[in-house]
file model23.pdb (PDB, C-alpha atoms)
ATOM      1  CA  MET A   1      -0.812  -5.430  40.236
ATOM      2  CA  ALA A   2       0.425  -6.367  36.763
ATOM      3  CA  SER A   3      -1.980  -7.799  34.235
ATOM      4  CA  THR A   4      -1.792  -9.487  30.858
ATOM      5  CA  VAL A   5      -4.397  -8.873  28.161
ATOM      6  CA  THR A   6      -4.578 -11.624  25.553
ATOM      7  CA  VAL A   7      -6.089 -10.673  22.192
ATOM      8  CA  ASP A   8      -7.157 -13.570  19.936
ATOM      9  CA  PHE A   9      -8.604 -12.503  16.584
ATOM     10  CA  ASN A  10      -9.552 -16.107  15.819
ATOM     11  CA  ASN A  11     -12.451 -15.484  18.212
ATOM     12  CA  GLY A  12     -13.616 -12.242  16.564
ATOM     13  CA  ILE A  13     -12.807  -8.561  16.164
ATOM     14  CA  ASP A  14     -15.623  -7.095  18.286
ATOM     15  CA  GLY A  15     -14.656  -3.721  19.707
ATOM     16  CA  TRP A  16     -11.817  -3.224  17.222
ATOM     17  CA  THR A  17     -11.927  -0.667  14.412
ATOM     18  CA  SER A  18      -9.368   0.168  11.731
ATOM     19  CA  ASP A  19      -8.071   3.218   9.884
ATOM     20  CA  VAL A  20      -5.085   4.544   7.906
ATOM     21  CA  ALA A  21      -2.770   7.527   8.406
ATOM     22  CA  ASP A  22       0.444   9.184   7.147
ATOM     23  CA  TYR A  23      -0.740  10.670   3.854
ATOM     24  CA  ASN A  24      -2.144  13.868   2.355
ATOM     25  CA  ASP A  25      -5.091  14.585   0.056
ATOM     26  CA  GLN A  26      -2.972  14.037  -3.065
ATOM     27  CA  ASP A  27      -1.685  10.582  -2.146
ATOM     28  CA  ARG A  28      -4.378   8.933  -0.060
ATOM     29  CA  PRO A  29      -3.909   5.162   0.189
ATOM     30  CA  THR A  30      -6.134   3.082  -2.069
ATOM     31  CA  GLU A  31      -7.321  -0.530  -1.869
ATOM     32  CA  VAL A  32      -7.945   0.022   1.843
ATOM     33  CA  ALA A  33      -9.768  -2.973   3.328
ATOM     34  CA  SER A  34     -10.297  -4.650   6.676
ATOM     35  CA  GLY A  35     -12.428  -7.388   8.160
ATOM     36  CA  TRP A  36     -12.611 -10.707   9.990
ATOM     37  CA  LYS A  37     -11.539 -13.337   7.466
ATOM     38  CA  ASP A  38     -10.389 -16.928   7.147
ATOM     39  CA  LEU A  39      -6.611 -17.241   7.187
ATOM     40  CA  PRO A  40      -5.098 -18.384   3.866
ATOM     41  CA  ALA A  41      -3.902 -21.991   3.527
ATOM     42  CA  PRO A  42      -1.971 -23.705   4.978
ATOM     43  CA  LEU A  43      -2.995 -21.681   8.035
ATOM     44  CA  THR A  44      -6.300 -22.349   9.764
ATOM     45  CA  GLY A  45      -8.640 -20.166  11.787
ATOM     46  CA  LYS A  46      -9.491 -16.512  11.338
ATOM     47  CA  GLY A  47      -7.682 -13.192  11.618
ATOM     48  CA  TYR A  48      -8.142  -9.438  11.344
ATOM     49  CA  TYR A  49      -7.381  -8.691   7.685
ATOM     50  CA  LEU A  50      -5.782  -5.287   7.001
ATOM     51  CA  ALA A  51      -4.788  -4.047   3.550
ATOM     52  CA  SER A  52      -3.797  -0.782   1.849
ATOM     53  CA  HIS A  53      -1.930   0.435  -1.220
ATOM     54  CA  ASN A  54       0.773   2.921  -0.272
ATOM     55  CA  ASN A  55       0.740   5.946  -2.598
ATOM     56  CA  SER A  56       2.787   8.249  -0.353
ATOM     57  CA  ASP A  57       5.932   6.218   0.455
ATOM     58  CA  ASP A  58       4.612   6.116   4.015
ATOM     59  CA  VAL A  59       1.288   4.737   5.211
ATOM     60  CA  LEU A  60       0.154   3.549   8.617
ATOM     61  CA  THR A  61      -2.550   0.872   8.614
ATOM     62  CA  TYR A  62      -3.867   0.126  12.079
ATOM     63  CA  ALA A  63      -6.518  -1.367  14.341
ATOM     64  CA  ARG A  64      -7.454   0.089  17.728
ATOM     65  CA  ARG A  65      -9.485  -0.820  20.779
ATOM     66  CA  GLN A  66     -10.130   0.482  24.277
ATOM     67  CA  LEU A  67      -9.215  -1.738  27.235
ATOM     68  CA  ASP A  68     -10.780  -1.333  30.672
ATOM     69  CA  GLY A  69     -10.439  -2.598  34.225
ATOM     70  CA  PHE A  70      -7.541  -0.396  35.362
ATOM     71  CA  VAL A  71      -7.219   2.069  38.244
ATOM     72  CA  LYS A  72      -8.495   5.475  37.188
ATOM     73  CA  HIS A  73      -5.751   8.044  36.534
ATOM     74  CA  ALA A  74      -3.047   5.490  37.417
ATOM     75  CA  LYS A  75       0.140   5.233  35.352
ATOM     76  CA  TYR A  76       1.127   1.978  33.644
ATOM     77  CA  LEU A  77       3.972   0.551  31.587
ATOM     78  CA  VAL A  78       2.748  -1.350  28.522
ATOM     79  CA  THR A  79       4.654  -3.818  26.318
ATOM     80  CA  PHE A  80       3.393  -5.749  23.298
ATOM     81  CA  GLU A  81       3.883  -9.045  21.516
ATOM     82  CA  MET A  82       1.997  -9.246  18.201
ATOM     83  CA  ARG A  83       1.135 -12.371  16.230
ATOM     84  CA  TYR A  84       0.257 -12.112  12.541
ATOM     85  CA  ALA A  85       0.177 -13.977   9.231
ATOM     86  CA  THR A  86       2.040 -12.683   6.170
ATOM     87  CA  ASP A  87       3.285 -13.759   2.761
ATOM     88  CA  ALA A  88       6.079 -11.157   2.785
ATOM     89  CA  ALA A  89       9.521 -12.725   2.377
ATOM     90  CA  THR A  90      12.898 -11.333   3.394
ATOM     91  CA  GLY A  91      15.679 -10.385   0.989
ATOM     92  CA  CYS A  92      13.390  -9.299  -1.868
ATOM     93  CA  MET A  93      13.190  -6.173  -4.018
ATOM     94  CA  GLY A  94      10.364  -3.635  -3.917
ATOM     95  CA  VAL A  95       9.347  -0.126  -4.973
ATOM     96  CA  GLY A  96      10.427   2.297  -2.238
ATOM     97  CA  GLY A  97      11.593  -0.717  -0.273
ATOM     98  CA  SER A  98      10.592  -4.350   0.118
ATOM     99  CA  ARG A  99       7.526  -5.708   1.898
ATOM    100  CA  GLY A 100       9.797  -7.780   4.097
ATOM    101  CA  GLU A 101      12.188  -5.087   5.308
ATOM    102  CA  SER A 102      10.311  -1.805   4.688
ATOM    103  CA  VAL A 103       7.051  -2.629   6.447
ATOM    104  CA  TRP A 104       7.369  -2.222  10.209
ATOM    105  CA  MET A 105       5.103  -3.842  12.791
ATOM    106  CA  VAL A 106       4.032  -1.238  15.331
ATOM    107  CA  ALA A 107       2.005  -0.977  18.532
ATOM    108  CA  ALA A 108       0.914   1.991  20.622
ATOM    109  CA  ALA A 109      -0.926   2.854  23.827
ATOM    110  CA  SER A 110      -2.679   6.091  24.732
ATOM    111  CA  TYR A 111      -4.951   7.829  27.235
ATOM    112  CA  ASP A 112      -6.892   9.300  24.310
ATOM    113  CA  TYR A 113      -8.929   7.655  21.584
ATOM    114  CA  ILE A 114      -6.436   6.844  18.840
ATOM    115  CA  LYS A 115      -7.560   8.420  15.577
ATOM    116  CA  THR A 116      -6.319   9.954  12.338
ATOM    117  CA  VAL A 117      -6.273  13.765  12.415
ATOM    118  CA  GLN A 118      -5.424  16.264   9.670
ATOM    119  CA  GLN A 119      -2.443  18.392  10.698
ATOM    120  CA  PRO A 120      -2.029  22.130   9.937
ATOM    121  CA  ASN A 121       0.315  21.215   7.059
ATOM    122  CA  GLY A 122      -2.407  19.071   5.477
ATOM    123  CA  ASN A 123      -0.936  15.678   6.375
ATOM    124  CA  TYR A 124      -3.081  13.073   8.098
ATOM    125  CA  ARG A 125      -1.403  11.549  11.168
ATOM    126  CA  VAL A 126      -2.519   9.635  14.239
ATOM    127  CA  ASN A 127      -2.902  11.724  17.389
ATOM    128  CA  VAL A 128      -0.243   9.814  19.347
ATOM    129  CA  ASP A 129       3.517  10.321  19.262
ATOM    130  CA  ARG A 130       4.338   6.839  17.995
ATOM    131  CA  GLY A 131       7.418   7.696  15.946
ATOM    132  CA  ASN A 132       7.491   6.881  12.217
ATOM    133  CA  GLN A 133       8.485   3.845  10.161
ATOM    134  CA  ALA A 134      11.641   2.347  11.770
ATOM    135  CA  ALA A 135      11.719   4.910  14.615
ATOM    136  CA  SER A 136       9.777   4.403  17.845
ATOM    137  CA  GLY A 137       8.203   7.218  19.852
ATOM    138  CA  PRO A 138       7.119   7.625  23.482
ATOM    139  CA  GLN A 139       3.601   6.304  22.775
ATOM    140  CA  GLY A 140       4.401   3.775  20.061
ATOM    141  CA  LYS A 141       7.051   1.119  19.563
ATOM    142  CA  VAL A 142       8.417  -0.682  16.523
ATOM    143  CA  LEU A 143       8.215  -4.442  17.129
ATOM    144  CA  GLY A 144      10.226  -5.447  14.057
ATOM    145  CA  THR A 145       9.879  -5.785  10.299
ATOM    146  CA  GLN A 146       7.149  -7.787   8.573
ATOM    147  CA  GLY A 147       9.095 -10.319   6.486
ATOM    148  CA  VAL A 148       9.544 -14.008   7.271
ATOM    149  CA  GLU A 149      12.652 -15.849   6.125
ATOM    150  CA  GLY A 150      11.989 -18.723   3.739
ATOM    151  CA  LEU A 151       8.880 -17.333   2.056
ATOM    152  CA  SER A 152       8.723 -16.629  -1.672
ATOM    153  CA  CYS A 153       9.505 -13.198  -3.139
ATOM    154  CA  SER A 154       6.563 -13.739  -5.510
ATOM    155  CA  GLY A 155       4.205 -14.079  -2.531
ATOM    156  CA  GLY A 156       1.383 -16.550  -2.067
ATOM    157  CA  LYS A 157       3.067 -18.669   0.607
ATOM    158  CA  TRP A 158       1.806 -17.688   4.044
ATOM    159  CA  ALA A 159       3.315 -18.092   7.490
ATOM    160  CA  SER A 160       2.441 -17.065  11.033
ATOM    161  CA  THR A 161       5.020 -15.258  13.152
ATOM    162  CA  THR A 162       5.397 -12.950  16.154
ATOM    163  CA  ARG A 163       7.156  -9.670  16.845
ATOM    164  CA  LYS A 164       7.638  -8.045  20.240
ATOM    165  CA  SER A 165       9.273  -5.152  22.027
ATOM    166  CA  SER A 166      10.440  -5.034  25.631
ATOM    167  CA  GLU A 167      10.592  -1.213  25.415
ATOM    168  CA  ALA A 168       7.644  -0.066  27.520
ATOM    169  CA  ILE A 169       5.134   2.675  26.775
ATOM    170  CA  GLU A 170       4.056   4.817  29.710
ATOM    171  CA  VAL A 171       0.313   5.478  29.678
ATOM    172  CA  THR A 172      -2.220   6.922  32.128
ATOM    173  CA  ALA A 173      -5.666   5.363  32.505
ATOM    174  CA  ASP A 174      -8.610   7.734  32.093
ATOM    175  CA  LYS A 175     -11.246   8.642  34.675
ATOM    176  CA  ASP A 176     -12.991   5.319  34.034
ATOM    177  CA  GLY A 177      -9.827   3.203  34.235
ATOM    178  CA  ARG A 178      -9.471   2.688  30.473
ATOM    179  CA  ILE A 179      -6.662   2.970  27.919
ATOM    180  CA  TRP A 180      -6.492   2.732  24.128
ATOM    181  CA  VAL A 181      -4.171   0.379  22.253
ATOM    182  CA  MET A 182      -3.179   0.158  18.590
ATOM    183  CA  LEU A 183      -1.712  -2.646  16.451
ATOM    184  CA  GLY A 184      -0.653  -2.184  12.849
ATOM    185  CA  THR A 185       1.943  -1.676  10.136
ATOM    186  CA  ASP A 186       3.910   1.341   8.952
ATOM    187  CA  SER A 187       4.843   0.826   5.319
ATOM    188  CA  GLY A 188       7.571   2.341   3.172
ATOM    189  CA  PHE A 189       6.795  -0.178   0.417
ATOM    190  CA  GLU A 190       5.064   1.639  -2.446
ATOM    191  CA  GLY A 191       2.465  -0.946  -3.331
ATOM    192  CA  THR A 192      -0.281  -3.059  -1.797
ATOM    193  CA  ASN A 193       0.403  -4.740   1.517
ATOM    194  CA  ALA A 194      -2.026  -7.126   3.172
ATOM    195  CA  LEU A 195      -1.722  -9.233   6.282
ATOM    196  CA  TYR A 196      -3.816 -10.869   8.982
ATOM    197  CA  LEU A 197      -3.436  -9.815  12.600
ATOM    198  CA  GLN A 198      -3.894 -12.994  14.644
ATOM    199  CA  GLY A 199      -3.592 -11.621  18.145
ATOM    200  CA  ALA A 200      -1.433  -9.990  20.768
ATOM    201  CA  THR A 201      -0.192 -10.354  24.309
ATOM    202  CA  ILE A 202      -0.266  -6.981  26.071
ATOM    203  CA  ASN A 203       1.558  -6.783  29.396
ATOM    204  CA  ILE A 204       0.437  -3.912  31.613
ATOM    205  CA  LYS A 205       2.378  -3.133  34.788
ATOM    206  CA  PRO A 206       1.618  -0.362  37.302
ATOM    207  CA  LEU A 207       4.277   2.333  37.405
TER     208      LEU A 207
END

call {"tool": "encode", "arguments": {"input": "model23.pdb", "output": "structure tokens"}}
result
Amino acid sequence: MASTVTVDFNNGIDGWTSDVADYNDQDRPTEVASGWKDLPAPLTGKGYYLASHNNSDDVLTYARRQLDGFVKHAKYLVTFEMRYATDAATGCMGVGGSRGESVWMVAAASYDYIKTVQQPNGNYRVNVDRGNQAASGPQGKVLGTQGVEGLSCSGGKWASTTRKSSEAIEVTADKDGRIWVMLGTDSGFEGTNALYLQGATINIKPL
């Protein structure tokens, strides 16, 4: 039986935790911050604030949570629609790329706890095959780019928007009928990026 999980960060971020990945010891992201905050005007309500300064030309900033209530060891197909608030415009310039076109909205699903792990080559990556930047992987999909048309290249004007992917992720529930999900951004913009995750609709269909 298919199910839909609705995430609304206006109601809180309980159960969610955040982290960063895609860096090494020499170019760790700085200005990393997260928390449940009021949305900037003219928006109202609250969201899950995520921020980081990209020092490596590639940084993943993400939030994760475990979902339960599924059949143990059963296989599912998962698709995502993410809602977020940003002040990133389209058609602007940026170091390494613009905030509008070089920050990708991503989502992932996994049997295992999603975490950042140091690889043998010294790089820190998440332990799911989610692809990288504009490329999707079997456990993670790119939902689109961050920018919203009509915003200012100088920032400060905020808007709420959604991104989604119909390309499903195959995931197996664990022995307790649980799966892990991830929402976040993969940035090629070499500077500080901040946004507010507002929520998500996660469609989960038995395979």

call {"tool": "atom_distance", "arguments": {"input": "model23.pdb", "atom1": "atom CA of A:Leu151", "atom2": "atom CA of A:Leu197"}}
result
17.9 Å

call {"tool": "resolve_selection", "arguments": {"input": "model23.pdb", "expression": "the PyMOL selection byres ((chain A and resi 189) around 8)", "output": "MDAnalysis selection string"}}
result
chainID A and resid 54 57:58 94:99 102:103 187:188 190:193

call {"tool": "write_last_selection", "arguments": {"input": "model23.pdb", "atoms": "C-alpha atoms", "output": "PDB file, in the frame of the given file"}}
result
ATOM      1  CA  ASN A  54       0.773   2.921  -0.272  1.00  0.00           C
ATOM      2  CA  ASP A  57       5.932   6.218   0.455  1.00  0.00           C
ATOM      3  CA  ASP A  58       4.612   6.116   4.015  1.00  0.00           C
ATOM      4  CA  GLY A  94      10.364  -3.635  -3.917  1.00  0.00           C
ATOM      5  CA  VAL A  95       9.347  -0.126  -4.973  1.00  0.00           C
ATOM      6  CA  GLY A  96      10.427   2.297  -2.238  1.00  0.00           C
ATOM      7  CA  GLY A  97      11.593  -0.717  -0.273  1.00  0.00           C
ATOM      8  CA  SER A  98      10.592  -4.350   0.118  1.00  0.00           C
ATOM      9  CA  ARG A  99       7.526  -5.708   1.898  1.00  0.00           C
ATOM     10  CA  SER A 102      10.311  -1.805   4.688  1.00  0.00           C
ATOM     11  CA  VAL A 103       7.051  -2.629   6.447  1.00  0.00           C
ATOM     12  CA  SER A 187       4.843   0.826   5.319  1.00  0.00           C
ATOM     13  CA  GLY A 188       7.571   2.341   3.172  1.00  0.00           C
ATOM     14  CA  GLU A 190       5.064   1.639  -2.446  1.00  0.00           C
ATOM     15  CA  GLY A 191       2.465  -0.946  -3.331  1.00  0.00           C
ATOM     16  CA  THR A 192      -0.281  -3.059  -1.797  1.00  0.00           C
ATOM     17  CA  ASN A 193       0.403  -4.740   1.517  1.00  0.00           C
TER      18      ASN A 193
END

call {"tool": "resolve_selection", "arguments": {"input": "model23.pdb", "expression": "the PyMOL selection byres ((chain A and resi 22-26) around 10)", "output": "list of chain:residue names"}}
result
A:Val20, A:Ala21, A:Asp27, A:Arg28, A:Pro29, A:Asn54, A:Asn55, A:Ser56, A:Asp57, A:Asp58, A:Val59, A:Leu60, A:Thr61, A:Thr116, A:Val117, A:Gln118, A:Gln119, A:Asn121, A:Gly122, A:Asn123, A:Tyr124, A:Arg125, A:Val126, A:Asn132, A:Asp186, A:Ser187

call {"tool": "resolve_selection", "arguments": {"input": "model23.pdb", "expression": "the PyMOL selection byres ((chain A and resi 135-144) around 12)", "output": "VMD selection string"}}
result
chain A and resid 76 to 84 100 to 112 114 126 to 134 145 to 148 161 to 172 179 to 187 200

call {"tool": "atom_distance", "arguments": {"input": "model23.pdb", "atom1": "atom CA of A:Asn11", "atom2": "atom CA of A:Glu31"}}
result
25.6 Å

call {"tool": "closest_residue", "arguments": {"input": "model23.pdb", "among": "A:Asn203, A:Thr17, A:Leu195, A:Asp68", "to": "A:Leu50", "atoms": "only C-alpha atoms"}}
result
A:Leu195

call {"tool": "residues_around", "arguments": {"input": "model23.pdb", "residues": "A:Phe9", "least_positions_apart": "5", "cutoff": "10 Å", "atoms": "only C-alpha atoms", "output": "ChimeraX atom specification"}}
result
/A:14,16,36-37,45-49,83-84,196-200

call {"tool": "closest_residue", "arguments": {"input": "model23.pdb", "among": "A:Ala194, A:Thr6, A:Cys153, A:Thr201", "to": "A:Ser52", "atoms": "all atoms listed in the file"}}
result
A:Ala194

call {"tool": "atom_distance", "arguments": {"input": "model23.pdb", "atom1": "atom CA of A:Val7", "atom2": "atom CA of A:Arg65"}}
result
10.5 Å

call {"tool": "closest_residue", "arguments": {"input": "model23.pdb", "among": "A:Ser160, A:Thr86, A:Ser152, A:Gln66", "to": "A:Asp176", "atoms": "all atoms listed in the file"}}
result
A:Gln66

call {"tool": "residues_around", "arguments": {"input": "model23.pdb", "residues": "A:Gly155", "least_positions_apart": "5", "cutoff": "10 Å", "atoms": "all atoms listed in the file", "output": "list in words"}}
result
Thr86, Asp87, Ala88 and Ala89 of chain A

call {"tool": "write_last_selection", "arguments": {"input": "model23.pdb", "atoms": "C-alpha atoms", "output": "short mmCIF file (atom, residue, chain, number, x, y, z; two decimals), in the coordinates of the input"}}
result
data_model
loop_
_atom_site.label_atom_id
_atom_site.label_comp_id
_atom_site.auth_asym_id
_atom_site.auth_seq_id
_atom_site.Cartn_x
_atom_site.Cartn_y
_atom_site.Cartn_z
CA THR A 86 2.04 -12.68 6.17
CA ASP A 87 3.28 -13.76 2.76
CA ALA A 88 6.08 -11.16 2.78
CA ALA A 89 9.52 -12.72 2.38
#

call {"tool": "closest_residue", "arguments": {"input": "model23.pdb", "among": "A:Lys115, A:Lys72, A:Ile202, A:Cys92", "to": "A:Asp8", "atoms": "all atoms listed in the file"}}
result
A:Ile202

call {"tool": "closest_residue", "arguments": {"input": "model23.pdb", "among": "A:Ala33, A:Val5, A:Leu39, A:Leu207", "to": "A:His73", "atoms": "all atoms listed in the file"}}
result
A:Leu207

call {"tool": "decode", "arguments": {"input": "model23.pdb", "residues": "stretch 181-197 of chain A", "atoms": "N, CA, C and O atoms", "output": "CSV table (one decimal), in the first residue's frame"}}
result
chain,number,residue,atom,x,y,z
A,181,VAL,N,15.8,9.3,5.3
A,181,VAL,CA,15.7,10.2,4.2
A,181,VAL,C,16.6,11.4,4.5
A,181,VAL,O,16.9,11.8,5.6
A,182,MET,N,16.9,12.1,3.4
A,182,MET,CA,17.8,13.3,3.4
A,182,MET,C,17.3,14.4,2.5
A,182,MET,O,16.8,14.1,1.4
A,183,LEU,N,17.3,15.6,3.0
A,183,LEU,CA,17.0,16.8,2.2
A,183,LEU,C,18.1,17.8,2.3
A,183,LEU,O,18.7,18.0,3.4
A,184,GLY,N,18.5,18.4,1.2
A,184,GLY,CA,19.6,19.4,1.3
A,184,GLY,C,20.0,20.0,0.0
A,184,GLY,O,19.2,20.0,-1.0
A,185,THR,N,21.2,20.6,0.0
A,185,THR,CA,21.7,21.3,-1.1
A,185,THR,C,23.1,20.8,-1.4
A,185,THR,O,23.9,20.5,-0.5
A,186,ASP,N,23.5,20.8,-2.7
A,186,ASP,CA,24.8,20.5,-3.1
A,186,ASP,C,25.3,21.7,-3.9
A,186,ASP,O,24.8,22.1,-4.9
A,187,SER,N,26.3,22.4,-3.3
A,187,SER,CA,26.7,23.7,-3.8
A,187,SER,C,28.0,23.7,-4.6
A,187,SER,O,29.0,23.2,-4.1
A,188,GLY,N,28.0,24.3,-5.8
A,188,GLY,CA,29.3,24.6,-6.5
A,188,GLY,C,29.6,26.1,-6.4
A,188,GLY,O,30.6,26.5,-6.9
A,189,PHE,N,28.8,26.9,-5.7
A,189,PHE,CA,29.0,28.3,-5.5
A,189,PHE,C,30.0,28.5,-4.3
A,189,PHE,O,29.8,28.0,-3.2
A,190,GLU,N,31.1,29.2,-4.6
A,190,GLU,CA,32.2,29.3,-3.6
A,190,GLU,C,31.9,30.5,-2.7
A,190,GLU,O,32.6,31.6,-2.9
A,191,GLY,N,31.0,30.4,-1.8
A,191,GLY,CA,30.7,31.4,-0.9
A,191,GLY,C,29.7,30.9,0.1
A,191,GLY,O,29.5,29.7,0.2
A,192,THR,N,29.0,31.8,0.8
A,192,THR,CA,28.0,31.4,1.8
A,192,THR,C,26.6,31.2,1.2
A,192,THR,O,26.2,32.1,0.4
A,193,ASN,N,26.0,30.1,1.4
A,193,ASN,CA,24.6,29.9,1.0
A,193,ASN,C,23.8,29.5,2.2
A,193,ASN,O,24.2,28.7,3.0
A,194,ALA,N,22.7,30.2,2.3
A,194,ALA,CA,21.7,29.9,3.4
A,194,ALA,C,20.3,29.8,2.8
A,194,ALA,O,20.0,30.6,1.9
A,195,LEU,N,19.5,28.9,3.4
A,195,LEU,CA,18.1,28.8,3.0
A,195,LEU,C,17.3,28.2,4.1
A,195,LEU,O,17.9,27.8,5.1
A,196,TYR,N,16.0,28.2,3.9
A,196,TYR,CA,15.1,27.6,4.9
A,196,TYR,C,14.4,26.5,4.3
A,196,TYR,O,13.6,26.7,3.4
A,197,LEU,N,14.6,25.2,4.7
A,197,LEU,CA,13.7,24.1,4.3
A,197,LEU,C,12.4,24.3,5.0
A,197,LEU,O,12.3,24.6,6.2
